[in-house]
$ cat query_6.cif   # mmCIF, C-alpha atoms
data_upload
#
loop_
_atom_site.label_atom_id
_atom_site.label_comp_id
_atom_site.auth_asym_id
_atom_site.auth_seq_id
_atom_site.Cartn_x
_atom_site.Cartn_y
_atom_site.Cartn_z
CA MET F 1 1.79 -10.07 -1.68
CA SER F 2 4.48 -7.42 -1.76
CA ASP F 3 4.27 -4.55 0.69
CA THR F 4 5.46 -2.01 -1.86
CA ILE F 5 3.97 -0.63 -5.03
CA GLY F 6 5.22 -1.40 -8.50
CA ALA F 7 8.45 -0.01 -9.83
CA PRO F 8 8.36 3.53 -11.19
CA SER F 9 8.19 4.14 -14.88
CA GLY F 10 11.44 4.29 -16.83
CA ARG F 11 10.47 7.59 -18.44
CA GLU F 12 12.62 10.58 -17.69
CA GLU F 13 11.20 12.54 -14.76
CA ARG F 14 10.06 16.08 -15.52
CA LYS F 15 10.52 17.78 -12.20
CA THR F 16 9.80 21.41 -12.97
CA PRO F 17 6.00 21.27 -13.55
CA ARG F 18 5.46 18.88 -10.63
CA ASN F 19 7.56 20.93 -8.16
CA TRP F 20 5.99 24.17 -9.31
CA ARG F 21 2.52 22.69 -8.97
CA THR F 22 3.25 21.53 -5.43
CA LEU F 23 4.51 24.98 -4.42
CA VAL F 24 1.37 26.60 -5.80
CA ALA F 25 -0.76 24.08 -3.91
CA LEU F 26 1.14 24.81 -0.69
CA GLY F 27 0.51 28.53 -1.10
CA VAL F 28 -3.20 27.93 -1.71
CA ILE F 29 -3.43 25.68 1.37
CA VAL F 30 -1.78 28.29 3.63
CA ALA F 31 -4.14 30.97 2.32
CA LEU F 32 -7.19 28.75 2.85
CA PHE F 33 -6.15 27.93 6.41
CA ALA F 34 -5.68 31.61 7.21
CA PHE F 35 -9.11 32.32 5.73
CA LEU F 36 -10.70 29.60 7.87
CA LEU F 37 -9.05 30.96 11.01
CA ALA F 38 -10.26 34.46 10.21
CA SER F 39 -13.84 33.28 9.51
CA GLY F 40 -14.36 31.78 12.96
CA VAL F 41 -17.93 31.92 14.26
CA ARG F 42 -19.07 33.83 11.15
CA LEU F 43 -19.20 30.48 9.36
CA GLN F 44 -22.47 29.68 11.13
CA THR F 45 -23.91 33.19 11.28
CA ALA F 46 -23.00 34.98 8.04
CA GLY F 47 -24.94 34.56 4.83
CA ILE F 48 -26.71 36.30 1.96
CA SER F 49 -30.48 36.21 1.45
CA PHE F 50 -32.07 36.83 -1.96
CA SER F 51 -35.00 35.76 -4.11
CA VAL F 52 -34.94 33.70 -7.30
CA ALA F 53 -38.21 33.48 -9.27
CA GLY F 54 -40.14 34.36 -6.13
CA VAL F 55 -38.34 31.77 -3.99
CA ASP F 56 -36.37 32.97 -0.97
CA VAL F 57 -32.80 31.65 -0.98
CA GLU F 58 -30.22 31.93 1.78
CA TRP F 59 -26.60 31.39 0.71
CA ARG F 60 -24.58 30.58 3.80
CA LEU F 61 -20.93 31.62 4.06
CA TYR F 62 -19.72 28.05 4.53
CA TYR F 63 -21.03 27.09 1.07
CA LEU F 64 -18.96 29.86 -0.49
CA ILE F 65 -15.83 28.86 1.42
CA ALA F 66 -16.34 25.19 0.51
CA LEU F 67 -16.50 26.09 -3.18
CA LEU F 68 -13.43 28.32 -2.81
CA ILE F 69 -11.50 25.40 -1.33
CA ILE F 70 -12.37 23.17 -4.27
CA VAL F 71 -11.57 25.86 -6.84
CA GLY F 72 -8.36 26.76 -5.03
CA THR F 73 -7.13 23.18 -4.96
CA MET F 74 -7.77 22.81 -8.70
CA ILE F 75 -5.67 25.85 -9.62
CA PRO F 76 -2.35 23.93 -9.57
CA PHE F 77 -3.78 21.38 -12.03
CA PHE F 78 -5.09 23.79 -14.64
CA ALA F 79 -2.11 26.14 -14.30
CA VAL F 80 0.11 23.48 -15.90
CA PHE F 81 -2.55 21.93 -18.13
CA GLU F 82 -0.78 22.69 -21.40
CA ARG F 83 2.45 21.07 -20.17
CA ARG F 84 0.86 17.78 -19.14
CA ARG F 85 -0.89 15.73 -21.81
CA SER F 86 -2.09 13.23 -19.16
CA GLN F 87 -3.97 15.90 -17.21
CA ALA F 88 -7.53 14.81 -18.11
CA ARG F 89 -6.78 11.14 -17.45
CA GLU F 90 -5.33 11.95 -14.04
CA LEU F 91 -8.41 13.97 -13.12
CA VAL F 92 -10.62 11.02 -14.04
CA VAL F 93 -8.68 8.75 -11.67
CA LEU F 94 -8.78 11.37 -8.91
CA ALA F 95 -12.52 11.78 -9.41
CA THR F 96 -12.89 8.01 -9.03
CA LEU F 97 -10.87 8.03 -5.80
CA SER F 98 -13.01 10.90 -4.50
CA ALA F 99 -16.15 8.90 -5.31
CA LEU F 100 -14.72 5.87 -3.48
CA ALA F 101 -14.01 8.03 -0.43
CA VAL F 102 -17.56 9.39 -0.48
CA ALA F 103 -19.05 5.92 -0.91
CA GLY F 104 -16.89 4.57 1.91
CA ARG F 105 -17.95 7.32 4.28
CA VAL F 106 -21.60 6.77 3.48
CA ALA F 107 -21.34 2.97 3.66
CA PHE F 108 -19.96 3.11 7.21
CA PHE F 109 -22.46 5.70 8.45
CA PHE F 110 -23.55 3.33 11.23
CA LEU F 111 -20.05 3.34 12.77
CA PRO F 112 -19.29 6.85 14.05
CA GLN F 113 -15.78 8.00 13.08
CA PHE F 114 -14.87 4.57 11.66
CA LYS F 115 -14.52 5.70 8.06
CA PRO F 116 -12.08 4.93 5.21
CA VAL F 117 -11.88 8.50 3.91
CA CYS F 118 -8.46 9.38 5.32
CA ALA F 119 -7.05 6.04 4.15
CA ILE F 120 -8.16 6.65 0.55
CA VAL F 121 -6.90 10.22 0.69
CA VAL F 122 -3.50 8.98 1.89
CA ILE F 123 -3.36 6.52 -1.02
CA ALA F 124 -4.25 9.31 -3.48
CA GLY F 125 -1.46 11.51 -2.12
CA ALA F 126 1.08 8.68 -2.13
CA CYS F 127 0.29 7.77 -5.74
CA PHE F 128 -0.23 11.19 -7.35
CA GLY F 129 1.36 13.77 -5.06
CA GLY F 130 0.34 16.16 -2.31
CA GLU F 131 -1.80 18.50 -4.39
CA SER F 132 -3.78 15.52 -5.72
CA GLY F 133 -4.24 14.16 -2.19
CA PHE F 134 -5.57 17.50 -1.01
CA LEU F 135 -8.00 17.72 -3.92
CA VAL F 136 -9.37 14.21 -3.31
CA GLY F 137 -9.83 14.95 0.39
CA ALA F 138 -11.53 18.30 -0.16
CA VAL F 139 -13.94 16.95 -2.78
CA ALA F 140 -14.74 13.88 -0.67
CA GLY F 141 -15.53 16.03 2.37
CA PHE F 142 -17.78 18.36 0.41
CA VAL F 143 -19.72 15.76 -1.59
CA SER F 144 -20.21 13.32 1.31
CA ASN F 145 -21.78 16.07 3.40
CA PHE F 146 -24.66 16.19 0.95
CA PHE F 147 -25.57 12.89 2.61
CA PHE F 148 -24.53 13.77 6.19
CA GLY F 149 -25.63 17.43 6.07
CA GLN F 150 -23.74 20.58 5.16
CA GLY F 151 -22.81 23.02 7.89
CA PRO F 152 -20.15 25.45 9.12
CA TYR F 153 -17.96 22.43 9.83
CA THR F 154 -17.86 21.42 6.14
CA PRO F 155 -14.96 23.70 5.08
CA TRP F 156 -12.96 22.53 8.09
CA GLN F 157 -13.58 18.86 7.27
CA MET F 158 -12.61 19.49 3.66
CA PHE F 159 -9.40 21.17 4.74
CA CYS F 160 -8.54 18.45 7.27
CA PHE F 161 -9.12 15.59 4.84
CA GLY F 162 -7.09 17.51 2.29
CA ILE F 163 -4.11 18.24 4.51
CA VAL F 164 -3.80 14.54 5.39
CA GLY F 165 -3.51 13.76 1.67
CA PHE F 166 -1.16 16.67 0.99
CA VAL F 167 1.40 15.63 3.61
CA ALA F 168 1.11 12.01 2.43
CA GLY F 169 2.12 13.17 -1.03
CA LEU F 170 5.11 15.10 0.29
CA LEU F 171 6.32 12.07 2.24
CA PHE F 172 5.55 9.16 -0.09
CA HIS F 173 5.27 10.46 -3.66
CA LYS F 174 8.91 10.74 -4.76
CA GLY F 175 9.55 11.79 -1.16
CA PRO F 176 11.80 10.49 1.64
CA LEU F 177 9.59 7.52 2.59
CA LYS F 178 8.67 4.38 0.68
CA PRO F 179 4.91 3.65 0.62
CA THR F 180 5.12 0.26 2.30
CA ARG F 181 2.14 -1.16 4.16
CA GLY F 182 3.74 -0.47 7.54
CA ALA F 183 4.76 3.10 6.72
CA LEU F 184 1.33 3.94 5.34
CA CYS F 185 -0.41 2.51 8.41
CA VAL F 186 1.83 4.45 10.81
CA TYR F 187 1.41 7.68 8.86
CA GLY F 188 -2.34 7.14 8.45
CA GLY F 189 -2.89 6.67 12.17
CA ILE F 190 -0.72 9.60 13.23
CA SER F 191 -1.98 12.00 10.56
CA THR F 192 -5.63 11.19 11.21
CA PHE F 193 -5.17 11.73 14.94
CA VAL F 194 -2.84 14.74 14.84
CA LEU F 195 -3.58 16.54 11.56
CA TYR F 196 -7.27 15.81 11.11
CA GLY F 197 -8.23 15.61 14.77
CA GLY F 198 -5.99 18.45 15.88
CA VAL F 199 -7.17 20.92 13.24
CA ILE F 200 -10.86 19.95 13.28
CA ASN F 201 -11.00 20.42 17.06
CA LEU F 202 -9.53 23.89 16.69
CA GLY F 203 -12.16 24.62 14.07
CA SER F 204 -14.90 23.48 16.43
CA LEU F 205 -13.72 25.96 19.05
CA LEU F 206 -13.65 28.81 16.55
CA ILE F 207 -17.06 27.96 15.08
CA MET F 208 -18.66 27.87 18.53
CA GLY F 209 -17.08 31.24 19.33
CA MET F 210 -15.38 29.92 22.44
CA PRO F 211 -12.33 31.81 23.73
CA LEU F 212 -9.05 30.08 22.95
CA THR F 213 -8.07 29.75 26.59
CA PRO F 214 -5.99 26.80 27.86
CA ALA F 215 -9.00 25.45 29.77
CA ALA F 216 -11.29 25.56 26.72
CA ILE F 217 -8.67 23.98 24.46
CA ILE F 218 -7.95 21.17 26.93
CA ALA F 219 -11.66 20.48 27.43
CA CYS F 220 -12.33 20.39 23.68
CA TYR F 221 -9.45 18.07 22.85
CA ALA F 222 -10.14 15.81 25.84
CA SER F 223 -13.80 15.38 24.91
CA ALA F 224 -12.84 14.58 21.31
CA LEU F 225 -10.08 12.11 22.25
CA PRO F 226 -12.18 8.88 22.01
CA PHE F 227 -13.53 9.88 18.60
CA ASP F 228 -10.08 10.82 17.31
CA LEU F 229 -8.65 7.49 18.46
CA VAL F 230 -11.41 5.55 16.69
CA HIS F 231 -10.88 7.61 13.54
CA ALA F 232 -7.13 6.95 13.64
CA ALA F 233 -7.69 3.23 14.19
CA ALA F 234 -10.02 3.15 11.19
CA SER F 235 -7.34 4.71 8.97
CA VAL F 236 -4.79 2.12 10.12
CA PHE F 237 -7.23 -0.72 9.46
CA PHE F 238 -8.25 0.39 5.98
CA LEU F 239 -4.68 1.17 4.95
CA PHE F 240 -3.56 -2.25 6.14
CA VAL F 241 -6.29 -3.94 4.10
CA LEU F 242 -6.53 -1.67 1.04
CA GLY F 243 -3.27 0.27 0.88
CA VAL F 244 -1.03 -2.01 -1.16
CA PRO F 245 -3.72 -3.53 -3.46
CA MET F 246 -5.08 -0.10 -4.38
CA GLN F 247 -1.61 1.30 -5.02
CA GLN F 248 -0.68 -1.60 -7.27
CA LYS F 249 -3.84 -1.13 -9.34
CA ILE F 250 -3.26 2.62 -9.56
CA GLU F 251 0.35 2.10 -10.64
CA ARG F 252 -0.81 -0.18 -13.46
CA ILE F 253 -3.30 2.48 -14.56
CA LYS F 254 -0.61 5.16 -14.43
CA THR F 255 1.74 3.06 -16.56
CA LYS F 256 -0.95 2.10 -19.07
CA TYR F 257 -2.22 5.65 -19.64
CA GLY F 258 1.07 7.50 -19.30
CA LEU F 259 0.30 9.19 -15.99
CA ASN F 260 3.92 8.73 -14.89
CA ASP F 261 5.06 11.01 -17.70
CA GLN F 262 4.54 14.32 -15.86
#
$ encode --input "query_6.cif" --output "C-alpha coordinates"
Amino acid sequence: MSDTIGAPSGREERKTPRNWRTLVALGVIVALFAFLLASGVRLQTAGISFSVAGVDVEWRLYYLIALLIIVGTMIPFFAVFERRRSQARELVVLATLSALAVAGRVAFFFLPQFKPVCAIVVIAGACFGGESGFLVGAVAGFVSNFFFGQGPYTPWQMFCFGIVGFVAGLLFHKGPLKPTRGALCVYGGISTFVLYGGVINLGSLLIMGMPLTPAAIIACYASALPFDLVHAAASVFFLFVLGVPMQQKIERIKTKYGLNDQ
(Lines of atoms letter the chains of each structure in order from A and count residues from 1; the text may use other names and numbers.)
(Lines give C-alpha, C1' and ligand atoms only; values in the text may rest on other atoms or scores of the structure.)
Protein backbone atom coordinates (compact mmCIF):
# COMPACT_ATOMS: atom_id res chain seq x y z
CA MET A 1 0.00 0.00 0.00
CA SER A 2 1.34 3.42 -0.90
CA ASP A 3 2.34 5.76 1.89
CA THR A 4 0.96 8.81 0.12
CA ILE A 5 -2.53 9.90 -0.80
CA GLY A 6 -3.90 9.99 -4.31
CA ALA A 7 -2.80 12.54 -6.84
CA PRO A 8 -4.46 15.95 -6.64
CA SER A 9 -7.23 16.85 -9.00
CA GLY A 10 -6.32 18.32 -12.37
CA ARG A 11 -8.72 21.23 -11.89
CA GLU A 12 -7.25 24.69 -11.75
CA GLU A 13 -6.60 25.71 -8.15
CA ARG A 14 -8.57 28.69 -6.88
CA LYS A 15 -6.29 30.09 -4.24
CA THR A 16 -8.00 33.29 -3.22
CA PRO A 17 -11.03 31.89 -1.32
CA ARG A 18 -8.96 29.18 0.37
CA ASN A 19 -6.17 31.56 1.48
CA TRP A 20 -8.66 34.16 2.65
CA ARG A 21 -10.59 31.52 4.58
CA THR A 22 -7.42 30.33 6.31
CA LEU A 23 -6.49 33.88 7.33
CA VAL A 24 -9.94 34.44 8.80
CA ALA A 25 -9.67 31.15 10.69
CA LEU A 26 -6.26 32.15 12.06
CA GLY A 27 -7.67 35.44 13.32
CA VAL A 28 -10.58 33.65 14.99
CA ILE A 29 -8.21 31.15 16.64
CA VAL A 30 -5.99 33.92 18.06
CA ALA A 31 -9.04 35.73 19.42
CA LEU A 32 -10.40 32.54 21.00
CA PHE A 33 -7.07 31.77 22.66
CA ALA A 34 -6.87 35.28 24.09
CA PHE A 35 -10.43 34.89 25.39
CA LEU A 36 -9.57 31.58 27.05
CA LEU A 37 -6.51 33.10 28.71
CA ALA A 38 -8.56 36.02 29.99
CA SER A 39 -11.33 33.75 31.34
CA GLY A 40 -9.04 31.80 33.67
CA VAL A 41 -10.68 30.55 36.86
CA ARG A 42 -13.97 32.25 35.93
CA LEU A 43 -14.68 29.28 33.68
CA GLN A 44 -15.60 27.21 36.73
CA THR A 45 -17.16 29.96 38.84
CA ALA A 46 -19.08 32.28 36.50
CA GLY A 47 -22.58 31.55 35.27
CA ILE A 48 -26.11 32.85 34.85
CA SER A 49 -29.09 31.51 36.80
CA PHE A 50 -32.67 31.89 35.53
CA SER A 51 -36.01 30.09 35.47
CA VAL A 52 -37.77 28.53 32.49
CA ALA A 53 -41.39 27.39 33.04
CA GLY A 54 -40.74 27.20 36.76
CA VAL A 55 -37.53 25.19 36.38
CA ASP A 56 -34.29 26.69 37.70
CA VAL A 57 -31.55 26.70 35.07
CA GLU A 58 -27.89 27.58 35.53
CA TRP A 59 -25.99 28.45 32.35
CA ARG A 60 -22.29 28.08 33.05
CA LEU A 61 -19.74 30.29 31.30
CA TYR A 62 -17.91 27.34 29.76
CA TYR A 63 -21.03 26.36 27.80
CA LEU A 64 -21.16 29.81 26.26
CA ILE A 65 -17.47 29.78 25.37
CA ALA A 66 -17.77 26.28 23.89
CA LEU A 67 -20.58 27.45 21.62
CA LEU A 68 -18.60 30.55 20.68
CA ILE A 69 -15.68 28.35 19.63
CA ILE A 70 -17.90 26.28 17.35
CA VAL A 71 -19.61 29.34 15.85
CA GLY A 72 -16.27 31.11 15.44
CA THR A 73 -14.70 28.19 13.60
CA MET A 74 -17.65 28.02 11.20
CA ILE A 75 -17.37 31.68 10.19
CA PRO A 76 -14.65 31.05 7.56
CA PHE A 77 -16.87 28.42 5.89
CA PHE A 78 -20.03 30.49 5.58
CA ALA A 79 -18.15 33.68 4.71
CA VAL A 80 -17.19 32.15 1.35
CA PHE A 81 -20.31 30.01 0.91
CA GLU A 82 -21.45 31.68 -2.30
CA ARG A 83 -18.04 31.17 -3.93
CA ARG A 84 -17.83 27.44 -3.23
CA ARG A 85 -20.52 25.20 -4.71
CA SER A 86 -19.08 22.18 -2.85
CA GLN A 87 -19.55 23.80 0.56
CA ALA A 88 -22.46 21.64 1.78
CA ARG A 89 -20.80 18.42 0.64
CA GLU A 90 -17.59 19.31 2.44
CA LEU A 91 -19.49 20.03 5.65
CA VAL A 92 -21.13 16.60 5.44
CA VAL A 93 -17.72 14.92 5.22
CA LEU A 94 -16.37 17.04 8.09
CA ALA A 95 -19.42 16.16 10.19
CA THR A 96 -18.72 12.49 9.51
CA LEU A 97 -15.08 12.87 10.57
CA SER A 98 -16.22 14.65 13.74
CA ALA A 99 -18.61 11.79 14.48
CA LEU A 100 -15.79 9.27 13.96
CA ALA A 101 -13.59 11.21 16.38
CA VAL A 102 -16.37 11.24 18.98
CA ALA A 103 -17.07 7.54 18.50
CA GLY A 104 -13.37 6.74 18.77
CA ARG A 105 -12.99 8.68 21.99
CA VAL A 106 -16.00 6.98 23.52
CA ALA A 107 -14.98 3.51 22.29
CA PHE A 108 -11.61 3.75 24.03
CA PHE A 109 -12.98 5.16 27.28
CA PHE A 110 -11.40 2.28 29.21
CA LEU A 111 -7.88 3.35 28.14
CA PRO A 112 -7.13 6.76 29.69
CA GLN A 113 -5.54 9.15 27.18
CA PHE A 114 -5.24 6.42 24.52
CA LYS A 115 -7.68 7.97 22.07
CA PRO A 116 -7.78 8.41 18.26
CA VAL A 117 -9.20 11.94 18.33
CA CYS A 118 -5.99 13.80 17.49
CA ALA A 119 -5.20 11.31 14.73
CA ILE A 120 -8.56 11.86 13.02
CA VAL A 121 -8.24 15.62 13.46
CA VAL A 122 -4.80 15.52 11.82
CA ILE A 123 -6.25 13.58 8.87
CA ALA A 124 -9.08 16.13 8.53
CA GLY A 125 -6.60 19.01 8.47
CA ALA A 126 -4.30 17.26 6.00
CA CYS A 127 -7.17 16.52 3.61
CA PHE A 128 -9.27 19.69 3.85
CA GLY A 129 -7.05 22.41 5.31
CA GLY A 130 -6.33 23.99 8.67
CA GLU A 131 -9.70 25.64 9.24
CA SER A 132 -11.44 22.31 8.58
CA GLY A 133 -9.09 20.52 10.97
CA PHE A 134 -9.83 23.04 13.69
CA LEU A 135 -13.58 22.70 13.18
CA VAL A 136 -13.47 18.89 13.38
CA GLY A 137 -11.38 19.03 16.55
CA ALA A 138 -13.57 21.62 18.26
CA VAL A 139 -16.82 19.79 17.45
CA ALA A 140 -15.36 16.42 18.50
CA GLY A 141 -14.22 17.83 21.85
CA PHE A 142 -17.59 19.43 22.57
CA VAL A 143 -19.84 16.54 21.52
CA SER A 144 -17.73 13.79 23.14
CA ASN A 145 -17.91 15.59 26.47
CA PHE A 146 -21.64 14.95 26.55
CA PHE A 147 -20.52 11.38 27.27
CA PHE A 148 -17.50 12.19 29.47
CA GLY A 149 -19.02 15.23 31.22
CA GLN A 150 -18.91 18.91 30.38
CA GLY A 151 -16.83 21.22 32.53
CA PRO A 152 -14.57 24.28 32.52
CA TYR A 153 -11.98 22.16 30.72
CA THR A 154 -14.27 21.65 27.69
CA PRO A 155 -13.38 24.89 25.84
CA TRP A 156 -9.69 24.19 26.40
CA GLN A 157 -10.01 20.64 25.04
CA MET A 158 -11.93 21.94 22.05
CA PHE A 159 -9.24 24.52 21.36
CA CYS A 160 -6.40 22.02 21.79
CA PHE A 161 -7.94 19.41 19.50
CA GLY A 162 -8.63 22.17 17.01
CA ILE A 163 -5.14 23.66 16.99
CA VAL A 164 -3.64 20.23 16.26
CA GLY A 165 -5.85 19.99 13.17
CA PHE A 166 -5.20 23.59 12.13
CA VAL A 167 -1.41 23.24 12.10
CA ALA A 168 -1.75 19.90 10.30
CA GLY A 169 -3.64 21.69 7.55
CA LEU A 170 -1.00 24.39 7.25
CA LEU A 171 1.76 21.79 6.94
CA PHE A 172 0.16 19.06 4.84
CA HIS A 173 -2.74 20.54 2.85
CA LYS A 174 -0.99 22.19 -0.11
CA GLY A 175 1.75 23.01 2.41
CA PRO A 176 5.48 22.30 2.61
CA LEU A 177 5.14 18.65 3.74
CA LYS A 178 3.77 15.61 1.95
CA PRO A 179 1.22 13.63 4.02
CA THR A 180 3.15 10.37 4.03
CA ARG A 181 2.60 7.81 6.77
CA GLY A 182 5.92 8.66 8.42
CA ALA A 183 5.41 12.43 8.32
CA LEU A 184 1.89 12.15 9.72
CA CYS A 185 3.05 9.89 12.56
CA VAL A 186 5.92 12.23 13.49
CA TYR A 187 3.68 15.30 13.38
CA GLY A 188 0.87 13.52 15.23
CA GLY A 189 3.13 12.50 18.10
CA ILE A 190 4.84 15.88 18.44
CA SER A 191 1.67 17.96 18.06
CA THR A 192 -0.30 15.86 20.53
CA PHE A 193 2.49 16.13 23.09
CA VAL A 194 3.50 19.76 22.52
CA LEU A 195 0.39 21.52 21.19
CA TYR A 196 -2.38 19.60 22.93
CA GLY A 197 -0.49 18.69 26.09
CA GLY A 198 1.31 22.01 26.39
CA VAL A 199 -1.79 24.17 26.00
CA ILE A 200 -4.17 21.97 28.01
CA ASN A 201 -1.75 21.96 30.96
CA LEU A 202 -1.62 25.75 30.88
CA GLY A 203 -5.41 25.79 30.85
CA SER A 204 -5.49 23.52 33.90
CA LEU A 205 -3.33 25.97 35.82
CA LEU A 206 -5.52 28.91 34.88
CA ILE A 207 -8.78 27.08 35.67
CA MET A 208 -7.51 26.08 39.12
CA GLY A 209 -6.47 29.68 39.77
CA MET A 210 -2.89 28.72 40.53
CA PRO A 211 -0.22 31.41 40.16
CA LEU A 212 1.87 31.02 37.01
CA THR A 213 5.12 30.68 38.92
CA PRO A 214 8.00 28.53 37.61
CA ALA A 215 7.45 26.02 40.43
CA ALA A 216 3.73 25.64 39.70
CA ILE A 217 4.30 25.32 35.96
CA ILE A 218 7.03 22.70 36.39
CA ALA A 219 4.90 20.71 38.85
CA CYS A 220 1.87 20.78 36.54
CA TYR A 221 3.75 19.72 33.43
CA ALA A 222 5.74 17.06 35.29
CA SER A 223 2.61 15.47 36.76
CA ALA A 224 0.96 15.44 33.33
CA LEU A 225 4.01 14.00 31.52
CA PRO A 226 2.97 10.29 31.64
CA PHE A 227 -0.52 11.11 30.34
CA ASP A 228 0.85 13.32 27.56
CA LEU A 229 3.25 10.60 26.46
CA VAL A 230 0.46 8.01 26.29
CA HIS A 231 -1.72 10.45 24.34
CA ALA A 232 1.11 11.14 21.88
CA ALA A 233 1.79 7.42 21.46
CA ALA A 234 -1.90 6.84 20.72
CA SER A 235 -1.83 9.46 17.95
CA VAL A 236 1.23 7.82 16.38
CA PHE A 237 -0.41 4.39 16.54
CA PHE A 238 -3.72 5.43 15.02
CA LEU A 239 -2.07 7.52 12.30
CA PHE A 240 0.16 4.60 11.39
CA VAL A 241 -2.84 2.28 11.09
CA LEU A 242 -5.53 4.63 9.75
CA GLY A 243 -3.71 7.60 8.22
CA VAL A 244 -3.12 6.47 4.65
CA PRO A 245 -6.31 4.36 4.19
CA MET A 246 -8.54 7.18 5.45
CA GLN A 247 -6.80 9.75 3.27
CA GLN A 248 -7.15 7.61 0.18
CA LYS A 249 -10.88 7.16 0.80
CA ILE A 250 -11.32 10.88 1.45
CA GLU A 251 -9.43 11.77 -1.73
CA ARG A 252 -11.77 9.54 -3.75
CA ILE A 253 -14.76 11.26 -2.16
CA LYS A 254 -13.28 14.68 -2.90
CA THR A 255 -12.70 13.77 -6.54
CA LYS A 256 -16.15 12.19 -6.98
CA TYR A 257 -18.09 15.12 -5.48
CA GLY A 258 -15.89 17.96 -6.70
CA LEU A 259 -14.47 18.92 -3.32
CA ASN A 260 -11.09 19.63 -4.92
CA ASP A 261 -12.64 22.45 -6.93
CA GLN A 262 -12.35 25.16 -4.25
$ closest_atom_pairs --input "query_6.cif" --of "stretch 139-170 of chain F" --to "stretch 194-212 of chain F" --cutoff "12 Å" --atoms "all atoms listed in the file" --output "Markdown table"
| residue | atom | partner | partner_atom | distance |
| --- | --- | --- | --- | --- |
| F:Gly151 | CA | F:Ile207 | CA | 10.4 |
| F:Pro152 | CA | F:Ile207 | CA | 7.2 |
| F:Tyr153 | CA | F:Ser204 | CA | 7.4 |
| F:Thr154 | CA | F:Ile200 | CA | 10.1 |
| F:Pro155 | CA | F:Gly203 | CA | 9.5 |
| F:Trp156 | CA | F:Ile200 | CA | 6.2 |
| F:Gln157 | CA | F:Ile200 | CA | 6.7 |
| F:Met158 | CA | F:Ile200 | CA | 9.8 |
| F:Phe159 | CA | F:Tyr196 | CA | 8.6 |
| F:Cys160 | CA | F:Tyr196 | CA | 4.8 |
| F:Phe161 | CA | F:Tyr196 | CA | 6.5 |
| F:Gly162 | CA | F:Tyr196 | CA | 9.0 |
| F:Ile163 | CA | F:Leu195 | CA | 7.3 |
| F:Val164 | CA | F:Leu195 | CA | 6.5 |
| F:Gly165 | CA | F:Leu195 | CA | 10.3 |
| F:Phe166 | CA | F:Leu195 | CA | 10.8 |
| F:Val167 | CA | F:Leu195 | CA | 9.4 |
| F:Ala168 | CA | F:Leu195 | CA | 11.2 |
$ residues_near_point --input "query_6.cif" --point "(0.6, 3.3, 3.2)" --cutoff "8 Å" --atoms "only C-alpha atoms" --output "number ranges by chain"
F: 122-123, 126, 179-188, 239-240, 243-244
$ closest_residue --input "query_6.cif" --among "F:Leu43, F:Ala232, F:Val117, F:Ala34" --to "F:Gly189" --atoms "only C-alpha atoms"
F:Ala232
$ resolve_selection --input "query_6.cif" --expression "the PyMOL selection byres ((chain F and resi 70) around 10)" --output "list in words"
Ile65, Ala66, Leu67, Leu68, Ile69, Val71, Gly72, Thr73, Met74, Ile75, Phe134, Leu135, Val136, Gly137, Ala138, Val139, Phe142, Pro155, Met158 and Phe159 of chain F
$ atom_distance --input "query_6.cif" --atom1 "atom CA of F:Pro116" --atom2 "atom CA of F:Ile190"
14.7 Å
$ atom_distance --input "query_6.cif" --atom1 "atom CA of F:Ala38" --atom2 "atom CA of F:Ala222"
24.3 Å
$ atom_distance --input "query_6.cif" --atom1 "atom CA of F:Phe227" --atom2 "atom CA of F:Phe33"
23.0 Å
$ resolve_selection --input "query_6.cif" --expression "the PyMOL selection byres ((chain F and resi 247-250) around 7)" --output "number ranges by chain"
F: 5-6, 123, 127, 243-246, 251-254
$ write_last_selection --input "query_6.cif" --atoms "C-alpha atoms" --output "PDB file, in the frame of the given file"
ATOM      1  CA  ILE F   5       3.970  -0.630  -5.030  1.00  0.00           C
ATOM      2  CA  GLY F   6       5.220  -1.400  -8.500  1.00  0.00           C
ATOM      3  CA  ILE F 123      -3.360   6.520  -1.020  1.00  0.00           C
ATOM      4  CA  CYS F 127       0.290   7.770  -5.740  1.00  0.00           C
ATOM      5  CA  GLY F 243      -3.270   0.270   0.880  1.00  0.00           C
ATOM      6  CA  VAL F 244      -1.030  -2.010  -1.160  1.00  0.00           C
ATOM      7  CA  PRO F 245      -3.720  -3.530  -3.460  1.00  0.00           C
ATOM      8  CA  MET F 246      -5.080  -0.100  -4.380  1.00  0.00           C
ATOM      9  CA  GLU F 251       0.350   2.100 -10.640  1.00  0.00           C
ATOM     10  CA  ARG F 252      -0.810  -0.180 -13.460  1.00  0.00           C
ATOM     11  CA  ILE F 253      -3.300   2.480 -14.560  1.00  0.00           C
ATOM     12  CA  LYS F 254      -0.610   5.160 -14.430  1.00  0.00           C
TER      13      LYS F 254
END
$ closest_residue --input "query_6.cif" --among "F:Val230, F:Ala140, F:Leu242, F:Leu225" --to "F:Ala95" --atoms "all atoms listed in the file"
F:Ala140
$ closest_residue --input "query_6.cif" --among "F:Ala124, F:Tyr62, F:Leu32, F:Thr255" --to "F:Thr45" --atoms "only C-alpha atoms"
F:Tyr62
$ closest_residue --input "query_6.cif" --among "F:Gly125, F:Ser144, F:Arg21, F:Leu94" --to "F:Ala107" --atoms "all atoms listed in the file"
F:Ser144
